[in-house]
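**Q** Following this message is one structure expressed as structure tokens.
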Amino acid sequence: MNRAVVIGAGEIGAGWAALFAAHAIDVVLVDPDADAGARAQDALREARALGVGGGISGAVTATRDIEPALADADWIQEATPEELELKQSLFARVESLAPSHATIASSTSSLTRAQLSRGMRAPARLLIVHPLHPVYAVPVVEVNADAAMPRADVERVLGALRALGRDPVLVTGDRAGLVANRLTAALLREALDLIATGAIGAADLDRLVARGIALGWTVRGPLSTEIIGARLDAAEGLPDALGTTLAPLWGTLATWDALDATARAAIQRELRASLGGMQKAHAAGESTWAKTLSRVARAAEAD
């Protein structure tokens with residue numbers, strides 16, 4: 001890969017630009033914001049400080065004009081706001097302008113390929129390549145490809161991501177939120193419900209997850225952690241073990257689709273009281289959070 005185009009220069013787009021550039025790939029960032037290039041350069045400095053990539057960085061340029069940017073693109077990564085009609089019209093246009101060999105990928109966190117590709121002549125060409133944040137510090141990315149995409153093309157994409165130091169996880173089917181955001185949604189609904197009903201304060205819940213549950217999951221993940229904790233002789237015994245310990249809880253978990261006014265007000269009061277002084281935690285160019293994530297990721301890989 002020699003040239004990447006990133007469409008959208010928010011934190012995700014700037015992070016993608018930094019990741020490509022840190023691996024000596026020239027990047028064109030398409031965004032009408034005059035500060036787009038500066039955000040990408042800040043993210044690139046942060047990525048380099050974390051040891052991402054090596055050698056000489058690729059050039060990062062910003063433009064408002066998408067058509068000339070796509071002419072020689074090898075990889076096109078969309079990172080625009082989660083607005084369906086905006087993305088649909090964008091992908092239809094990108095498809096008409098992109099070279100035939102170029103990878104076309106969306107960073108969407110909530111929309112499906114079927115939704116996004118509506119209006120494309122060859123919808124199977126579109127992938128979802130969903131990063132976690134910061135893009136350059138968290139190695140895992142979710143990859144979702146149409147079943148009609150040739151396996152060789154899928155492998156080429158996975159190989160390109162590995163060359164960027166990513167750890168791609170292939171997710172099949174056409175599910176909104178893929179896997180990472182669906183798991184996150186389930187945990188956050190229960191977390192908000194527990195806060196709304198007064199079971200725990202917001203700061204204590206954060207500490208319980210960060211220094212308890214998440215710490216235990218960091219190296220092995222939730223399934224392997226449960227297998228180890230239950231001292232199972234065989235991994236396939238996990239469903240029975242969980243059925244015994246968690247079945248009494250499953251029926252009591254929150255099932256609402258939206259917060260009611262009372263619960264919303266209770267959560268807002270608690271967030272204001274417990275976390276009200278918190279500033280933006282992870283803007284591009286802010287180092288502490290990204291450095292910590294990077295150290296944790298390296299430690300997990302070494303296990």
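Chain identifiers are assigned as A, B, and so on, following the order in which chains appear in the structure tokens; residues are numbered from 1 within each chain, and ligands are numbered from 1 in order of appearance.
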Residues of region 40-100 of chain A in strand (DSSP E or B) according to DSSP, as number ranges by chain?
**A** A: 60-63, 75-78
**Q** Which residues, written as a ChimeraX atom specification, have at least one atom at most 10 Å from region 56-60 of chain A, with only C-alpha atoms counted and residues fewer than 2 positions away on the same chain left out?
**A** /A:2-5,17-29,37-38,40-41,44,48,53-54,62
**Q** Work out how far apart CA of Ala186 (chain A) and CA of Gly229 (chain A) are and give it in Å to one decimal.
**A**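 Taking CA of Ala186 (chain A) and CA of Gly229 (chain A), their separation equals 22.3 Å.
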**Q** Could you check which of A:Arg64, A:Arg93, A:Arg156, A:Arg162 is closest to Val140 (chain A), using only C-alpha atoms?
**A**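 Selected residue with least distance to Val140 (chain A): A:Arg162.
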**Q** Please provide as a PyMOL selection string all residues within 7 Å of Leu97 (chain A), with the sequence filter that same-chain residues fewer than 2 positions apart are discarded (counting only C-alpha atoms).
**A** chain A and resi 67+70-71+93-95+99
**Q** Could you tell me which of A:Ala124, A:Leu271, A:Leu161, A:Val141 comes closest to Leu178 (chain A) if we count only C-alpha atoms?
**A** A:Val141
**Q** Determine the nearest neighbour of Glu190 (chain A) from the options A:Asp35, A:Asp174, A:Asp257, A:Asp167, counting only C-alpha atoms.
**A**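 Result for the nearest residue to Glu190 (chain A): A:Asp257.
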**Q** Suppose you want the space between CA of Val6 (chain A) and CA of Gln77 (chain A); what is it in Å?
**A**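 Between these atoms lies a distance of 4.8 Å.
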**Q** If you count only C-alpha atoms, which residues fall within 12 Å of Gly216 (chain A), apart from same-chain ones fewer than 4 positions away, as a compact mmCIF listing (two decimals) with N, CA and C atoms, in the first residue's frame?
**A**
```
# COMPACT_ATOMS: atom_id res chain seq x y z
N LEU A 208 -14.79 -0.36 39.49
CA LEU A 208 -15.07 -1.79 39.53
C LEU A 208 -14.78 -2.45 38.18
N VAL A 209 -15.16 -1.76 37.10
CA VAL A 209 -14.91 -2.32 35.77
C VAL A 209 -13.43 -2.22 35.41
N ALA A 210 -12.85 -1.02 35.56
CA ALA A 210 -11.47 -0.79 35.12
C ALA A 210 -10.46 -1.60 35.91
N ARG A 211 -10.63 -1.67 37.23
CA ARG A 211 -9.63 -2.34 38.07
C ARG A 211 -10.07 -3.73 38.51
N GLY A 212 -11.23 -4.15 38.03
CA GLY A 212 -11.72 -5.47 38.37
C GLY A 212 -12.01 -6.30 37.13
N ARG A 220 -6.75 -12.51 28.67
CA ARG A 220 -7.40 -13.71 28.13
C ARG A 220 -8.77 -13.46 27.52
N GLY A 221 -9.46 -12.39 27.92
CA GLY A 221 -10.82 -12.19 27.45
C GLY A 221 -11.83 -12.85 28.37
N PRO A 222 -13.11 -12.55 28.19
CA PRO A 222 -14.12 -13.03 29.15
C PRO A 222 -14.31 -14.54 29.15
N LEU A 223 -14.29 -15.19 27.99
CA LEU A 223 -14.56 -16.62 27.95
C LEU A 223 -13.43 -17.43 28.59
N SER A 224 -12.20 -17.15 28.15
CA SER A 224 -11.06 -17.88 28.72
C SER A 224 -10.91 -17.60 30.21
N THR A 225 -11.20 -16.37 30.63
CA THR A 225 -11.12 -16.03 32.05
C THR A 225 -12.10 -16.87 32.86
N GLU A 226 -13.30 -17.04 32.34
CA GLU A 226 -14.30 -17.85 33.05
C GLU A 226 -13.90 -19.33 33.07
N ILE A 228 -10.85 -20.51 33.09
CA ILE A 228 -9.78 -20.62 34.09
C ILE A 228 -10.35 -20.53 35.50
N GLY A 229 -11.24 -19.52 35.70
CA GLY A 229 -11.80 -19.31 37.03
C GLY A 229 -12.65 -20.46 37.52
N ALA A 300 -0.22 -7.60 27.17
CA ALA A 300 -1.12 -8.71 26.84
C ALA A 300 -0.54 -9.56 25.73
```
**Q** Pick out the residues sitting within 8 Å of Val129 (chain A), and hand them over as a ChimeraX atom specification; count only C-alpha atoms, and ignore anything fewer than 6 positions along from it in its own chain.
**A** /A:105-108,141-144
**Q** Taking N, CA and C atoms for each residue, export the selection above as a PDB file, in the first residue's frame.
**A**
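Writing the result to out-v7.pdb gives the following:
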```pdb
ATOM      1  N   ALA A 105     -13.490   1.023   2.727  1.00  0.00           N
ATOM      2  CA  ALA A 105     -13.846   0.558   4.070  1.00  0.00           C
ATOM      3  C   ALA A 105     -14.512   1.669   4.865  1.00  0.00           C
ATOM      4  N   SER A 106     -15.452   1.266   5.708  1.00  0.00           N
ATOM      5  CA  SER A 106     -16.128   2.187   6.615  1.00  0.00           C
ATOM      6  C   SER A 106     -15.681   1.934   8.042  1.00  0.00           C
ATOM      7  N   SER A 107     -15.604   2.993   8.827  1.00  0.00           N
ATOM      8  CA  SER A 107     -15.283   2.883  10.251  1.00  0.00           C
ATOM      9  C   SER A 107     -16.538   2.812  11.116  1.00  0.00           C
ATOM     10  N   THR A 108     -17.702   2.666  10.501  1.00  0.00           N
ATOM     11  CA  THR A 108     -18.960   2.759  11.239  1.00  0.00           C
ATOM     12  C   THR A 108     -18.974   1.913  12.504  1.00  0.00           C
ATOM     13  N   VAL A 141      -8.857  -4.554  15.399  1.00  0.00           N
ATOM     14  CA  VAL A 141      -9.885  -3.934  14.561  1.00  0.00           C
ATOM     15  C   VAL A 141     -10.853  -5.028  14.125  1.00  0.00           C
ATOM     16  N   GLU A 142     -12.126  -4.682  14.052  1.00  0.00           N
ATOM     17  CA  GLU A 142     -13.124  -5.626  13.549  1.00  0.00           C
ATOM     18  C   GLU A 142     -13.249  -5.457  12.042  1.00  0.00           C
ATOM     19  N   VAL A 143     -13.296  -6.577  11.332  1.00  0.00           N
ATOM     20  CA  VAL A 143     -13.430  -6.562   9.877  1.00  0.00           C
ATOM     21  C   VAL A 143     -14.687  -7.338   9.502  1.00  0.00           C
ATOM     22  N   ASN A 144     -15.535  -6.706   8.707  1.00  0.00           N
ATOM     23  CA  ASN A 144     -16.779  -7.337   8.276  1.00  0.00           C
ATOM     24  C   ASN A 144     -16.879  -7.204   6.768  1.00  0.00           C
TER      25      ASN A 144
END
```
**Q** Which polymer residues have any atom within 10 Å of an atom of Lys87 (chain A), counting only C-alpha atoms, with same-chain residues fewer than 3 positions away left out, as a list of chain:residue names?
**A**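 With the cut-off at 10 Å, the set is A:Glu78, A:Ala79, A:Thr80, A:Pro81, A:Glu82, A:Glu83, A:Leu84, A:Leu90, A:Phe91, A:Ala92, A:Arg93, A:Ser106, A:Thr108, A:Leu111, A:Gln115, A:Leu116, A:Ser117, A:Arg118.
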**Q** Please list as a PyMOL selection string every residue within 9 Å of Leu192 (chain A), counting only C-alpha atoms and excluding residues in the same chain fewer than 4 positions away.
**A** chain A and resi 187-188+196-197+202+259+263-264+267
